[in-house]
Amino acid sequence: MFINNIRGKLDDEKSKFIRATLHKKTSINKTITVNKSFFLIILILLFIPITLFSQIKVTGKIVNQKNKAIELAEVLILSKDSIALKSELTNINGEFALLTEKGDYLLQIRQLGTILWKQKINALQDLNLGTITITKNEQHLAEVVVMSKKKLIEKKVDRLVFNVENSIVGSGGDAFDALKAMPSLIVGENSISIVGKSIVSVMIDDRLIQLSGDDLSNLLRSIPSENISKIEAITTPPAKYEAEGNSGLINIILKKTKKDFFNGNIKTSYTQAKYGTENIGAGINYQKNKLTVISNFDFTDGIIAPLQKYDIFYQKYTWKENYIVKNARKSNSARIALDYKISPATSIGIEYNGALNQSDIKSKNDSQIYNKISNQLDSTIVTSSIKNIDRKANSLNFHGITKLDTIGKKISFDLDYFEYNYSVNNNFNTNTFFQNGDLKPNSSFFAINDGFQTIKIYSSKFDISLPLQLVNLSLGGKLSFTKNDNETLFYDIYSNGFVLDSEKSNHFFYEENNNALYASVNKELSKKWNIQLGLRLENTTTKSSLAELRNSYKNNYTELFPSFYLTYQTNNDATFSLSYSRRIERPSYNLLNPFRIYSTSTNYTEGNPYLRPYFSNNIELSCVKGDFYHSIFFNYITKGIDQITFTNDVLNYQYTKPFNFFTSKRFGISENYTFNKIKGWQSNNGINIFYTKTRSSLKQTLPVVEGLSMYLSSYNNFTLNSLKTLKAELNFTYQSASVSNSYKTTGYYKFDAGIKKELLNKRLQLSITITDIFKTSAITFSNNINNIQQGKFDYQDTQKIRLSAVYKFGKSIKDDKREFSNKEEEKRTK
């Protein structure tokens, strides 16, 4: 009856969906493309369940010797080979109902690992077994302990799995250390990306983390590697996940946590680059009976000093700019997650993530202008700026999951709220000096450029997993609503005070509604072959407007995102996999704001309200065998977005604006090998070669930018004593000259090293790490716009030494274990 109720609800939802779709067809969108999109998703939702109409119903009621109903007993239908085909839990009245094909089966009733009753049945027509009384003569299952060690690297149907608990990095480190040992990942100081792609999104226990930069780094460094079971690299995400993001996903799976357990950690670190940065944090976790609480708090205070240089080669002049920055930052972040187990099958949870970041940025831009004919200094433009930035992010997630049986049927939901507040106060002044250093008359310029932004996102989603006799079926959907309010104010400063410049000020509004449905089918064709098909449909409506102009820009589009996976297991323990997925990348909210934000009197940035999302198609063929991982990948981007810096040769100013203008093709080969033949030494080595070709539709840019690139990496971990309390690491990465969208970049390399010591029965960990030892990680970007060559040198103050200490504490009451659920939110803020 329980499954009938669920099926009835699903059928009602399908009927409502069909009616809504037909109504939408006639009143909203009459295009052939949209009609086909909805028709295809309906076919997928109905294709598999249609086989259920010819099935046999098996019903009954289970009571004990006192004629009292037994609730939550599991009723299974097993094949002749004792394979579980169907499973259902009894309701509060002890009743159950299962659907199956005609045939002979074994019906089994069990609870908490104990077989209570079993009987052969002949299901040729609907079968009512009446009341089944369970006596004290129970048949106990024998305990089976399986002692097997997982492979270090495994290939699943839609992801690559790195089993951290079997690796040398699985103890004495943190999540950041573990990620470095994952094949095909590029782990920077504050970023994680996949070779050949850009920065990826990070999940913990299948829930998205909406932190980036320092906030994400601090969170990952607060997770001990001992708590990580495995890391999954999902380079071509299946239909279950949102289609947003070209680069894929990283999923960190935590180990099961102990029941009736209290533990935590206190950590502190000091980092010395050009200036110093201090960090202190703590995490406290609690599990008692049905309640699990996970928390983490972090505070960072320090200064970074990136350096940028610009060279612009005008026809008559050459500009050489030095941009020196001193960024004093304070960051506070907190994460609190509570999960409560309502019953053995149902749990609910709530999670809060918050971050408060403050930056006081002092910068100086010296622009030296040289005459090309005389090659002499003509003049110098000096801009000084003091910029105060406040960022606040708060997210709240409420989630729940109900397991319908023990063979994988479950329903889960998430409700999310996210709010982001950003404010900036930029005071700057510009002066122009002659060659001899004298101030040019009437060249002084003083201004204040303020900005305020508020983003609110409401979203909800549900997922249903239905392992059926023929296939594994997954269904789900999502609704999200976004509101973005962005105001820019520009004041000219004169001797008599501030004057608002209305032509340089604006108030920008943006709204977005995204609705999605997906279906995924997984089928094991044989012991060697497995196939998975998925289709996700997303409909997006956007509206943006400028208050001053009283006009708006509207956009509505519906897109399909198919995914396909095929794996083959050979006799010699090699796994081949072919995967494909289509993805979408929507423009960030700031890129849509059409107004100008000035950094100097001759340099500004503006957005583009006409930006459209761009799409990518990703294909990958891979093979995992032993300690080797081989991959061939292809990525194709259409209508790509990039920011172009335009120059004016007459007025000598620069402005940056984003456009949908390029098509990119990238083909690559990736080879990874994990060396662990020598005790105490694990080395993950990779070589990646890829060719990129970008075509531009903007006449001001070069029509084609292309190049062959190579990325090398070697992450080495050493255990230096028999107690495994002294460890070291030595890492090397090299990136050759490459193509980044419409720009070319120079190559770079860097060495990192570190040593860790565990004391006090491994409760205290002390470590020293040095990154970018030889200060060789700077990159230069180059482009040619309107036949004017541009170059940008970028060094992010990455040479640094970090001293850190982590103290772990905890108390166990019992040794029982259970699996805890974790977290997720949603956002697109860049």
# chains A, B, ... in the order shown; residues from 1 in each chain; ligands from 1
>>> select_by_dssp(residues="region 475-644 of chain A", states="strand (DSSP E)", output="ChimeraX atom specification")
/A:475-494,497-500,506-524,529-546,551-569,574-585,596-600,603-606,614-625,628-644
>>> residues_around(residues="region 558-569 of chain A", least_positions_apart="2", cutoff="8 Å", atoms="only C-alpha atoms", output="JSON, numbers by chain")
{"A": [34, 37, 156, 157, 158, 236, 237, 238, 239, 243, 527, 528, 529, 530, 531, 532, 533, 534, 535, 536, 537, 538, 539, 540, 556, 571, 573, 574, 575, 576, 577, 578, 579, 580, 581, 582, 583]}
>>> write_last_selection(atoms="C-alpha atoms", output="mmCIF file, in the first residue's frame")
data_model
loop_
_atom_site.group_PDB
_atom_site.id
_atom_site.type_symbol
_atom_site.label_atom_id
_atom_site.label_comp_id
_atom_site.auth_asym_id
_atom_site.auth_seq_id
_atom_site.Cartn_x
_atom_site.Cartn_y
_atom_site.Cartn_z
ATOM 1 C CA VAL A 34 10.167 24.114 -26.477
ATOM 2 C CA SER A 37 11.713 19.658 -25.053
ATOM 3 C CA LYS A 156 32.614 4.305 -11.569
ATOM 4 C CA VAL A 157 30.075 4.778 -14.324
ATOM 5 C CA ASP A 158 30.013 8.599 -14.048
ATOM 6 C CA THR A 236 30.982 15.167 -16.865
ATOM 7 C CA PRO A 237 28.218 15.488 -14.223
ATOM 8 C CA PRO A 238 25.049 13.386 -14.690
ATOM 9 C CA ALA A 239 21.494 14.712 -14.997
ATOM 10 C CA ALA A 243 23.646 21.829 -15.601
ATOM 11 C CA LYS A 527 28.986 -8.303 -15.407
ATOM 12 C CA LYS A 528 31.286 -6.285 -17.679
ATOM 13 C CA TRP A 529 29.028 -3.655 -19.248
ATOM 14 C CA ASN A 530 27.124 -0.824 -17.551
ATOM 15 C CA ILE A 531 25.207 2.027 -19.177
ATOM 16 C CA GLN A 532 23.620 5.182 -17.804
ATOM 17 C CA LEU A 533 21.429 7.664 -19.667
ATOM 18 C CA GLY A 534 20.198 10.992 -18.344
ATOM 19 C CA LEU A 535 18.244 14.007 -19.513
ATOM 20 C CA ARG A 536 17.757 17.302 -17.705
ATOM 21 C CA LEU A 537 15.388 20.038 -18.832
ATOM 22 C CA GLU A 538 15.853 23.593 -17.580
ATOM 23 C CA ASN A 539 13.652 26.596 -18.284
ATOM 24 C CA THR A 540 15.082 30.009 -17.353
ATOM 25 C CA ASN A 556 13.445 33.256 -21.774
ATOM 26 C CA ASN A 571 39.230 -9.636 -17.545
ATOM 27 C CA ASP A 573 40.985 -5.661 -14.095
ATOM 28 C CA ALA A 574 40.991 -2.607 -16.360
ATOM 29 C CA THR A 575 37.947 -0.335 -16.562
ATOM 30 C CA PHE A 576 37.167 1.614 -19.731
ATOM 31 C CA SER A 577 34.652 4.438 -19.644
ATOM 32 C CA LEU A 578 33.050 6.690 -22.274
ATOM 33 C CA SER A 579 31.089 9.735 -21.067
ATOM 34 C CA TYR A 580 29.319 12.754 -22.559
ATOM 35 C CA SER A 581 27.417 15.681 -21.067
ATOM 36 C CA ARG A 582 26.154 19.081 -22.158
ATOM 37 C CA ARG A 583 26.572 21.975 -19.709
#
>>> select_by_dssp(residues="region 56-291 of chain A", states="alpha helix (DSSP H)", output="PyMOL selection string")
chain A and resi 175-180+213-221
>>> write_last_selection(atoms="C-alpha atoms", output="mmCIF file, in the first residue's frame")
data_model
loop_
_atom_site.group_PDB
_atom_site.id
_atom_site.type_symbol
_atom_site.label_atom_id
_atom_site.label_comp_id
_atom_site.auth_asym_id
_atom_site.auth_seq_id
_atom_site.Cartn_x
_atom_site.Cartn_y
_atom_site.Cartn_z
ATOM 1 C CA ALA A 175 41.198 17.802 2.852
ATOM 2 C CA PHE A 176 43.476 20.164 0.936
ATOM 3 C CA ASP A 177 46.337 17.662 1.192
ATOM 4 C CA ALA A 178 44.090 14.828 0.043
ATOM 5 C CA LEU A 179 42.904 16.780 -3.010
ATOM 6 C CA LYS A 180 46.502 17.209 -4.188
ATOM 7 C CA GLY A 213 38.744 31.609 -2.234
ATOM 8 C CA ASP A 214 40.011 31.855 1.343
ATOM 9 C CA ASP A 215 36.674 30.795 2.845
ATOM 10 C CA LEU A 216 36.697 27.521 0.931
ATOM 11 C CA SER A 217 40.388 26.930 1.699
ATOM 12 C CA ASN A 218 39.819 27.444 5.425
ATOM 13 C CA LEU A 219 36.876 25.032 5.428
ATOM 14 C CA LEU A 220 38.844 22.311 3.622
ATOM 15 C CA ARG A 221 41.819 22.761 5.923
#
>>> closest_residue(among="A:Tyr673, A:Tyr270, A:Phe434, A:Phe452", to="Cys623 (chain A)", atoms="only C-alpha atoms")
A:Tyr673
>>> closest_residue(among="A:Ser495, A:Ser683, A:Gln376, A:Ser697", to="Asn436 (chain A)", atoms="only C-alpha atoms")
A:Gln376
>>> residues_around(residues="Asn484 (chain A)", least_positions_apart="5", cutoff="6 Å", atoms="only C-alpha atoms", output="PyMOL selection string")
chain A and resi 454-455+509-510
>>> write_last_selection(atoms="N, CA and C atoms", output="PDB file, in the first residue's frame")
ATOM      1  N   THR A 454      22.846  43.521  -3.329  1.00  0.00           N
ATOM      2  CA  THR A 454      22.160  42.524  -2.507  1.00  0.00           C
ATOM      3  C   THR A 454      21.597  41.448  -3.414  1.00  0.00           C
ATOM      4  N   ILE A 455      21.955  40.201  -3.130  1.00  0.00           N
ATOM      5  CA  ILE A 455      21.468  39.057  -3.901  1.00  0.00           C
ATOM      6  C   ILE A 455      20.709  38.133  -2.959  1.00  0.00           C
ATOM      7  N   PHE A 509      18.608  46.321 -11.568  1.00  0.00           N
ATOM      8  CA  PHE A 509      17.833  45.220 -10.990  1.00  0.00           C
ATOM      9  C   PHE A 509      17.926  44.007 -11.921  1.00  0.00           C
ATOM     10  N   TYR A 510      17.983  42.837 -11.293  1.00  0.00           N
ATOM     11  CA  TYR A 510      18.039  41.603 -12.087  1.00  0.00           C
ATOM     12  C   TYR A 510      17.231  40.520 -11.364  1.00  0.00           C
TER      13      TYR A 510
END
>>> residues_around(residues="Asn486 (chain A)", least_positions_apart="3", cutoff="12 Å", atoms="only C-alpha atoms", output="PyMOL selection string")
chain A and resi 420-424+450-456+483+489+505-511+544-547+589-595+607
>>> residues_around(residues="region 341-350 of chain A", least_positions_apart="3", cutoff="8 Å", atoms="only C-alpha atoms", output="JSON, numbers by chain")
{"A": [290, 291, 337, 338, 396, 397, 398, 399, 400, 401, 402, 403, 404, 405, 821]}
>>> closest_residue(among="A:Ala355, A:Ile373, A:Leu98, A:Val325", to="Phe297 (chain A)", atoms="only C-alpha atoms")
A:Ala355
